[in-house]
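Undergrad: Below is final30.cif; it holds mmCIF, C-alpha atoms.
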data_entry
#
loop_
_atom_site.group_PDB
_atom_site.id
_atom_site.type_symbol
_atom_site.label_atom_id
_atom_site.label_comp_id
_atom_site.auth_asym_id
_atom_site.auth_seq_id
_atom_site.Cartn_x
_atom_site.Cartn_y
_atom_site.Cartn_z
ATOM 1 C CA MET A 1 0.000 0.000 0.000
ATOM 2 C CA GLN A 2 1.225 3.483 -0.847
ATOM 3 C CA ASN A 3 2.569 5.744 1.864
ATOM 4 C CA MET A 4 0.224 8.706 1.456
ATOM 5 C CA MET A 5 2.581 11.024 3.310
ATOM 6 C CA LYS A 6 5.137 10.356 0.584
ATOM 7 C CA VAL A 7 2.505 10.949 -2.094
ATOM 8 C CA TYR A 8 1.327 14.207 -0.473
ATOM 9 C CA LEU A 9 4.800 15.695 0.099
ATOM 10 C CA GLY A 10 6.361 14.458 -3.126
ATOM 11 C CA ASN A 11 10.006 15.496 -3.410
ATOM 12 C CA ASP A 12 9.921 17.082 0.068
ATOM 13 C CA TYR A 13 9.468 13.669 1.691
ATOM 14 C CA SER A 14 12.450 12.263 3.638
ATOM 15 C CA ASN A 15 13.361 9.691 6.264
ATOM 16 C CA ASN A 16 13.073 12.443 8.881
ATOM 17 C CA HIS A 17 9.533 11.578 9.916
ATOM 18 C CA LEU A 18 9.192 14.481 12.345
ATOM 19 C CA LYS A 19 10.038 16.871 9.511
ATOM 20 C CA ASN A 20 7.553 15.078 7.248
ATOM 21 C CA PHE A 21 4.722 15.769 9.670
ATOM 22 C CA CYS A 22 5.749 19.414 10.128
ATOM 23 C CA LEU A 23 5.852 19.944 6.358
ATOM 24 C CA TYR A 24 2.520 18.135 5.981
ATOM 25 C CA TRP A 25 0.799 20.418 8.494
ATOM 26 C CA MET A 26 2.325 23.554 7.005
ATOM 27 C CA LYS A 27 1.413 22.558 3.460
ATOM 28 C CA GLY A 28 -2.188 21.937 4.439
ATOM 29 C CA ARG A 29 -2.463 25.317 6.120
ATOM 30 C CA GLU A 30 -1.581 27.091 2.887
ATOM 31 C CA THR A 31 -4.967 26.205 1.385
ATOM 32 C CA GLU A 32 -7.125 25.561 4.467
ATOM 33 C CA PRO A 33 -10.215 27.801 4.302
ATOM 34 C CA ARG A 34 -10.460 30.411 7.034
ATOM 35 C CA TRP A 35 -13.168 29.486 9.536
ATOM 36 C CA GLU A 36 -16.635 30.952 9.047
ATOM 37 C CA ASP A 37 -19.877 30.073 10.777
ATOM 38 C CA SER A 38 -21.662 29.003 7.607
ATOM 39 C CA GLU A 39 -22.733 25.929 5.694
ATOM 40 C CA GLU A 40 -20.654 27.123 2.745
ATOM 41 C CA TRP A 41 -17.517 27.044 4.909
ATOM 42 C CA LYS A 42 -18.337 23.507 6.108
ATOM 43 C CA THR A 43 -18.598 22.373 2.491
ATOM 44 C CA ARG A 44 -15.332 24.050 1.553
ATOM 45 C CA PHE A 45 -13.599 22.606 4.620
ATOM 46 C CA ASP A 46 -14.805 19.101 3.798
ATOM 47 C CA GLU A 47 -13.504 19.475 0.264
ATOM 48 C CA TRP A 48 -10.174 20.733 1.611
ATOM 49 C CA ARG A 49 -9.963 17.853 4.076
ATOM 50 C CA GLN A 50 -10.576 15.260 1.370
ATOM 51 C CA LYS A 51 -7.468 16.514 -0.443
ATOM 52 C CA ASN A 52 -5.210 17.379 2.499
ATOM 53 C CA ASP A 53 -5.887 15.112 5.490
ATOM 54 C CA LEU A 54 -3.892 11.888 5.533
ATOM 55 C CA ASP A 55 -6.836 10.020 6.997
ATOM 56 C CA CYS A 56 -9.079 11.001 4.083
ATOM 57 C CA LEU A 57 -6.291 10.357 1.582
ATOM 58 C CA TYR A 58 -5.979 6.796 2.836
ATOM 59 C CA PHE A 59 -9.750 6.285 2.475
ATOM 60 C CA ASN A 60 -10.317 7.915 -0.921
ATOM 61 C CA GLY A 61 -11.877 11.035 0.570
ATOM 62 C CA ASP A 62 -14.306 9.314 2.952
ATOM 63 C CA LEU A 63 -15.103 11.904 5.647
ATOM 64 C CA ARG A 64 -15.587 9.202 8.272
ATOM 65 C CA ALA A 65 -11.830 8.621 8.138
ATOM 66 C CA ASP A 66 -9.801 9.453 11.237
ATOM 67 C CA THR A 67 -6.244 9.314 12.537
ATOM 68 C CA LEU A 68 -5.983 6.588 15.157
ATOM 69 C CA MET A 69 -3.168 8.265 17.099
ATOM 70 C CA SER A 70 -2.460 11.964 16.776
ATOM 71 C CA ALA A 71 1.137 12.626 15.744
ATOM 72 C CA TRP A 72 1.274 16.083 17.313
ATOM 73 C CA THR A 73 0.204 14.902 20.772
ATOM 74 C CA PRO A 74 3.279 12.730 21.486
ATOM 75 C CA ILE A 75 5.537 15.209 19.659
ATOM 76 C CA SER A 76 4.379 17.935 22.051
ATOM 77 C CA TRP A 77 4.719 15.631 25.068
ATOM 78 C CA ALA A 78 8.313 14.751 24.202
ATOM 79 C CA VAL A 79 9.610 18.117 23.003
ATOM 80 C CA ASN A 80 8.046 20.067 25.862
ATOM 81 C CA CYS A 81 9.283 17.542 28.416
ATOM 82 C CA LEU A 82 12.864 17.676 27.126
ATOM 83 C CA ASN A 83 12.926 21.479 26.784
ATOM 84 C CA LYS A 84 10.986 22.649 29.846
ATOM 85 C CA GLU A 85 14.149 24.011 31.531
ATOM 86 C CA TYR A 86 14.648 26.428 28.623
ATOM 87 C CA GLY A 87 11.337 28.223 29.044
ATOM 88 C CA ILE A 88 10.033 27.293 25.590
ATOM 89 C CA ARG A 89 6.709 25.570 24.990
ATOM 90 C CA PHE A 90 6.066 24.172 21.519
ATOM 91 C CA CYS A 91 2.592 24.571 20.039
ATOM 92 C CA LYS A 92 1.192 23.326 16.764
ATOM 93 C CA TYR A 93 -0.228 26.815 16.103
ATOM 94 C CA ALA A 94 1.793 29.766 17.364
ATOM 95 C CA ALA A 95 -0.500 32.304 19.052
ATOM 96 C CA GLU A 96 1.441 35.307 17.756
ATOM 97 C CA GLY A 97 3.430 36.054 14.616
ATOM 98 C CA ASP A 98 4.114 33.202 12.228
ATOM 99 C CA LYS A 99 1.638 30.452 13.110
ATOM 100 C CA ASN A 100 4.147 27.887 11.813
ATOM 101 C CA HIS A 101 6.951 29.152 14.061
ATOM 102 C CA TYR A 102 7.336 26.022 16.195
ATOM 103 C CA LEU A 103 6.823 23.627 13.312
ATOM 104 C CA LYS A 104 9.634 25.383 11.425
ATOM 105 C CA LEU A 105 11.947 25.083 14.448
ATOM 106 C CA LEU A 106 11.370 21.336 14.582
ATOM 107 C CA ALA A 107 11.568 20.846 10.811
ATOM 108 C CA ASP A 108 14.782 22.864 10.399
ATOM 109 C CA ASP A 109 16.739 21.844 13.518
ATOM 110 C CA ARG A 110 15.089 18.897 15.217
ATOM 111 C CA ASP A 111 18.276 17.669 16.938
ATOM 112 C CA ALA A 112 18.576 20.932 18.857
ATOM 113 C CA TYR A 113 15.310 20.202 20.629
ATOM 114 C CA LEU A 114 15.097 16.411 20.388
ATOM 115 C CA PRO A 115 18.535 14.820 20.969
ATOM 116 C CA PRO A 116 18.551 11.776 18.651
ATOM 117 C CA LYS A 117 20.241 9.385 21.090
ATOM 118 C CA HIS A 118 17.780 10.058 23.894
ATOM 119 C CA ASN A 119 15.546 7.013 24.501
ATOM 120 C CA LEU A 120 12.407 9.142 24.456
ATOM 121 C CA VAL A 121 13.353 10.549 21.046
ATOM 122 C CA ARG A 122 14.116 7.090 19.677
ATOM 123 C CA LEU A 123 10.655 5.955 20.723
ATOM 124 C CA LEU A 124 9.097 9.076 19.204
ATOM 125 C CA ASP A 125 10.936 8.510 15.917
ATOM 126 C CA ARG A 126 9.703 4.920 15.686
ATOM 127 C CA PHE A 127 6.164 6.027 16.465
ATOM 128 C CA LEU A 128 6.250 8.747 13.787
ATOM 129 C CA GLU A 129 7.611 6.308 11.219
ATOM 130 C CA LEU A 130 4.559 4.109 11.819
ATOM 131 C CA ALA A 131 2.170 7.066 12.177
ATOM 132 C CA GLU A 132 2.593 7.960 8.486
ATOM 133 C CA LEU A 133 1.380 4.554 7.387
ATOM 134 C CA ARG A 134 -2.063 3.075 6.784
ATOM 135 C CA CYS A 135 -1.875 1.312 10.171
ATOM 136 C CA ASN A 136 -2.500 4.673 11.873
ATOM 137 C CA TYR A 137 -5.785 5.431 10.127
ATOM 138 C CA ILE A 138 -9.282 4.124 10.790
ATOM 139 C CA LEU A 139 -12.787 4.442 9.379
ATOM 140 C CA LEU A 140 -15.267 5.532 12.034
ATOM 141 C CA PRO A 141 -18.893 4.356 12.121
ATOM 142 C CA ASP A 142 -19.937 8.040 12.161
ATOM 143 C CA ARG A 143 -17.823 11.105 11.329
ATOM 144 C CA ALA A 144 -19.175 12.902 14.428
ATOM 145 C CA MET A 145 -17.067 10.531 16.517
ATOM 146 C CA ASN A 146 -13.931 12.263 15.176
ATOM 147 C CA LYS A 147 -14.178 15.368 17.369
ATOM 148 C CA ALA A 148 -15.734 13.423 20.234
ATOM 149 C CA ARG A 149 -12.577 11.342 20.533
ATOM 150 C CA TYR A 150 -10.724 14.440 21.748
ATOM 151 C CA THR A 151 -13.437 16.026 23.865
ATOM 152 C CA CYS A 152 -16.549 13.980 24.435
ATOM 153 C CA LYS A 153 -19.835 15.460 25.646
ATOM 154 C CA VAL A 154 -21.378 12.894 27.988
ATOM 155 C CA TYR A 155 -24.954 13.026 29.260
ATOM 156 C CA GLY A 156 -25.022 13.751 32.988
ATOM 157 C CA ILE A 157 -21.265 14.475 33.128
ATOM 158 C CA GLY A 158 -20.495 17.236 30.641
ATOM 159 C CA ARG A 159 -17.385 17.521 28.486
ATOM 160 C CA VAL A 160 -14.573 15.070 29.140
ATOM 161 C CA SER A 161 -11.080 15.367 27.610
ATOM 162 C CA LEU A 162 -9.798 12.107 26.103
ATOM 163 C CA TYR A 163 -6.981 13.556 23.918
ATOM 164 C CA ASP A 164 -7.651 11.175 20.986
ATOM 165 C CA GLU A 165 -6.090 8.377 23.045
ATOM 166 C CA VAL A 166 -6.912 4.830 22.016
ATOM 167 C CA PRO A 167 -7.794 3.113 25.324
ATOM 168 C CA PRO A 168 -10.611 5.566 26.209
ATOM 169 C CA MET A 169 -12.030 5.145 22.713
ATOM 170 C CA LEU A 170 -11.993 1.353 22.976
ATOM 171 C CA TYR A 171 -13.380 1.453 26.502
ATOM 172 C CA HIS A 172 -16.283 3.787 25.753
ATOM 173 C CA ILE A 173 -17.501 2.238 22.483
ATOM 174 C CA PHE A 174 -19.477 0.000 24.847
ATOM 175 C CA ASP A 175 -21.086 2.968 26.665
ATOM 176 C CA ARG A 176 -24.249 4.276 25.055
ATOM 177 C CA ASP A 177 -23.814 7.783 26.497
ATOM 178 C CA TRP A 178 -20.250 7.973 25.149
ATOM 179 C CA PHE A 179 -19.213 6.415 21.830
ATOM 180 C CA GLY A 180 -21.706 3.579 21.954
ATOM 181 C CA LYS A 181 -24.351 5.850 20.445
ATOM 182 C CA TYR A 182 -22.449 5.725 17.145
ATOM 183 C CA PHE A 183 -22.939 1.962 17.000
ATOM 184 C CA GLU A 184 -26.669 1.780 17.803
ATOM 185 C CA GLN A 185 -28.902 -0.247 15.534
ATOM 186 C CA GLU A 186 -32.625 -0.198 14.870
ATOM 187 C CA GLY A 187 -34.572 -2.598 17.050
ATOM 188 C CA ALA A 188 -36.415 -2.979 20.308
ATOM 189 C CA GLU A 189 -35.151 -0.780 23.132
ATOM 190 C CA SER A 190 -34.462 -3.825 25.294
ATOM 191 C CA ASP A 191 -32.110 -5.168 22.623
ATOM 192 C CA VAL A 192 -30.166 -1.972 22.011
ATOM 193 C CA LYS A 193 -27.413 -2.630 24.544
ATOM 194 C CA SER A 194 -26.557 -6.132 23.336
ATOM 195 C CA MET A 195 -26.828 -5.198 19.644
ATOM 196 C CA GLN A 196 -24.692 -2.120 20.239
ATOM 197 C CA LYS A 197 -21.981 -4.229 21.859
ATOM 198 C CA LEU A 198 -22.017 -6.703 18.987
ATOM 199 C CA ASP A 199 -21.548 -3.946 16.457
ATOM 200 C CA ALA A 200 -18.696 -2.439 18.486
ATOM 201 C CA VAL A 201 -16.935 -5.805 18.476
ATOM 202 C CA LYS A 202 -17.421 -6.135 14.722
ATOM 203 C CA TRP A 203 -15.961 -2.657 14.249
ATOM 204 C CA VAL A 204 -12.921 -3.509 16.393
ATOM 205 C CA LYS A 205 -12.304 -6.592 14.265
ATOM 206 C CA ARG A 206 -12.881 -4.735 10.998
ATOM 207 C CA GLU A 207 -10.393 -2.061 12.022
ATOM 208 C CA ARG A 208 -7.942 -4.648 13.377
ATOM 209 C CA LEU A 209 -7.792 -3.103 16.828
ATOM 210 C CA GLU A 210 -7.727 -6.389 18.737
ATOM 211 C CA ALA A 211 -4.245 -5.564 20.044
ATOM 212 C CA GLY A 212 -5.886 -2.988 22.316
ATOM 213 C CA PHE A 213 -7.432 -5.788 24.386
ATOM 214 C CA ARG A 214 -5.902 -8.424 26.662
ATOM 215 C CA ASP A 215 -6.248 -12.133 25.960
ATOM 216 C CA GLY A 216 -8.150 -11.561 22.721
ATOM 217 C CA ILE A 217 -11.330 -10.661 24.637
ATOM 218 C CA ILE A 218 -13.047 -7.571 23.225
ATOM 219 C CA ASP A 219 -14.879 -5.925 26.104
ATOM 220 C CA GLN A 220 -14.375 -3.124 28.624
ATOM 221 C CA ASP A 221 -12.733 -5.315 31.251
ATOM 222 C CA HIS A 222 -9.936 -6.283 28.863
ATOM 223 C CA VAL A 223 -8.999 -2.871 27.419
ATOM 224 C CA ILE A 224 -5.253 -2.313 27.842
ATOM 225 C CA PRO A 225 -4.581 1.099 29.461
ATOM 226 C CA LEU A 226 -2.200 3.686 28.055
ATOM 227 C CA LEU A 227 -0.382 3.664 31.406
ATOM 228 C CA LYS A 228 -0.479 0.947 34.039
ATOM 229 C CA SER A 229 -1.496 3.577 36.601
ATOM 230 C CA LEU A 230 -4.293 5.056 34.435
ATOM 231 C CA HIS A 231 -7.845 3.722 34.126
ATOM 232 C CA PRO A 232 -8.367 2.655 30.484
ATOM 233 C CA GLY A 233 -11.491 4.806 30.230
ATOM 234 C CA LYS A 234 -9.649 8.012 31.098
ATOM 235 C CA GLY A 235 -7.440 10.278 29.006
ATOM 236 C CA LYS A 236 -4.404 12.145 30.302
ATOM 237 C CA ASN A 237 -2.127 14.882 29.011
ATOM 238 C CA LEU A 238 1.400 13.687 29.814
ATOM 239 C CA ASN A 239 4.341 15.702 31.124
ATOM 240 C CA GLU A 240 6.711 13.258 32.821
ATOM 241 C CA GLU A 241 9.392 11.379 30.873
ATOM 242 C CA ALA A 242 8.589 7.948 32.334
ATOM 243 C CA GLU A 243 4.889 8.255 31.477
ATOM 244 C CA ILE A 244 5.596 9.526 27.956
ATOM 245 C CA SER A 245 7.979 6.621 27.372
ATOM 246 C CA GLU A 246 5.376 4.120 28.586
ATOM 247 C CA ALA A 247 2.672 5.698 26.410
ATOM 248 C CA LEU A 248 4.868 5.711 23.296
ATOM 249 C CA THR A 249 5.696 2.041 23.866
ATOM 250 C CA TYR A 250 1.970 1.257 24.024
ATOM 251 C CA MET A 251 1.304 3.274 20.849
ATOM 252 C CA ILE A 252 4.130 1.613 18.931
ATOM 253 C CA ASN A 253 2.897 -1.833 19.964
ATOM 254 C CA ILE A 254 -0.631 -1.110 18.715
ATOM 255 C CA LEU A 255 0.560 0.262 15.369
ATOM 256 C CA GLU A 256 3.015 -2.585 14.799
ATOM 257 C CA ALA A 257 0.266 -5.114 15.545
ATOM 258 C CA ARG A 258 -2.135 -3.374 13.133
ATOM 259 C CA LYS A 259 0.537 -3.167 10.445
ATOM 260 C CA LYS A 260 1.240 -6.884 10.768
ATOM 261 C CA ALA A 261 -2.489 -7.757 10.692
ATOM 262 C CA MET A 262 -3.068 -5.597 7.613
ATOM 263 C CA GLU A 263 -0.122 -7.099 5.769
ATOM 264 C CA LYS A 264 -1.382 -10.580 6.598
ATOM 265 C CA HIS A 265 -4.847 -9.642 5.316
ATOM 266 C CA GLU A 266 -3.459 -8.213 2.067
ATOM 267 C CA MET A 267 -1.369 -11.321 1.515
ATOM 268 C CA ALA A 268 -4.411 -13.539 2.042
ATOM 269 C CA LYS A 269 -6.354 -11.470 -0.495
ATOM 270 C CA GLU A 270 -3.645 -11.945 -3.084
ATOM 271 C CA VAL A 271 -3.374 -15.678 -2.458
ATOM 272 C CA ASN A 272 -7.116 -16.329 -2.401
ATOM 273 C CA GLY A 273 -8.087 -13.720 -4.979
ATOM 274 C CA TYR A 274 -10.929 -12.092 -3.055
ATOM 275 C CA GLU A 275 -11.983 -8.479 -2.484
ATOM 276 C CA ASP A 276 -12.993 -6.801 0.809
#
As structure tokens, how would this structure be written, given the file I've shared?
TA:
Amino acid sequence: MQNMMKVYLGNDYSNNHLKNFCLYWMKGRETEPRWEDSEEWKTRFDEWRQKNDLDCLYFNGDLRADTLMSAWTPISWAVNCLNKEYGIRFCKYAAEGDKNHYLKLLADDRDAYLPPKHNLVRLLDRFLELAELRCNYILLPDRAMNKARYTCKVYGIGRVSLYDEVPPMLYHIFDRDWFGKYFEQEGAESDVKSMQKLDAVKWVKRERLEAGFRDGIIDQDHVIPLLKSLHPGKGKNLNEEAEISEALTYMINILEARKKAMEKHEMAKEVNGYED
């Protein structure tokens, strides 16, 4: 399968995967329509996204496409952790001046801020290498789930920050007031809960996310947490080196498992001559 980051960047693509992501974000911003509170803007933004978002590029423009693991989130964790003594805080969008200021710093001189031999940076580099690939992109049951994965509005609780992290997503696809509502089926009210769970399991298998569960059992009790000390249903913004390292290890393991499962599936298709 084509690496769509390589396709999108063309001759600017390199083996510096951090730089690839910085260039990708900056290139997209050049044509991204300025926000307006109008239906016309929503249409223009959707059209822009179909041509500029890696998730949509991997799914032929399908707007239900989503990035499984945000690349910027662990970049910001690592670079801000390793540079906190210097009084600089990296942001994806600079609040003043050139909005690409921090992305340009990382693209032009990454080693100054992320020492390449540091274990945390090695983990980040491996994650970013995988994050470009198809194994980091999923097709949601409903495009509304995209934004909800970062901040979810829950009945009776309010807004909860989940930071696009995988364990909370997998945990709450079984909760009707969270992500479970995107899996509901028509039927008798008494059957909604069981039917919803069945569909969530089918979606996990379709998206090859089984590696997010222990012992091959796809339910809430077997969701693997991002951190051993963190409930799998909760998200957390990380600041400490040990936690970031543990989280990156989890993320790499999930993406490597998905990559392997996808390659196995593609090989079986070729051997058996069937289509999805």
Undergrad: Using all atoms listed in the file, can you tell me which of A:Ala65, A:Arg134, A:Arg49, A:Asn100 comes closest to A:Met5?
TA: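 Nearest candidate to A:Met5 out of A:Ala65, A:Arg134, A:Arg49, A:Asn100: A:Arg134.
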Undergrad: Please, what distance in Å, to one decimal, runs between atom CA of A:Arg214 and atom CA of A:Met1?
TA: 28.6 Å
Undergrad: Do you know which residues the PyMOL selection byres ((chain A and resi 219-222) around 9) returns on this file, as an MDAnalysis selection string?
TA: chainID A and resid 170:174 197 201 212:218 223:224 232:233
Undergrad: Have a look at A:Gly10, A:Glu39, A:Pro74, A:Leu23 and name the one nearest to A:Glu240; count only C-alpha atoms.
TA: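 Under the stated criterion, the closest residue is A:Pro74.
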Undergrad: Using only C-alpha atoms, can you tell me which of A:Leu105, A:Gln50, A:Ala131, A:Trp77 comes closest to A:Phe21?
TA: A:Ala131
Undergrad: Given the PyMOL selection byres ((chain A and resi 150) around 8) and the file above, list the residues it selects as a PyMOL selection string.
TA: chain A and resi 146-149+151-152+161-165
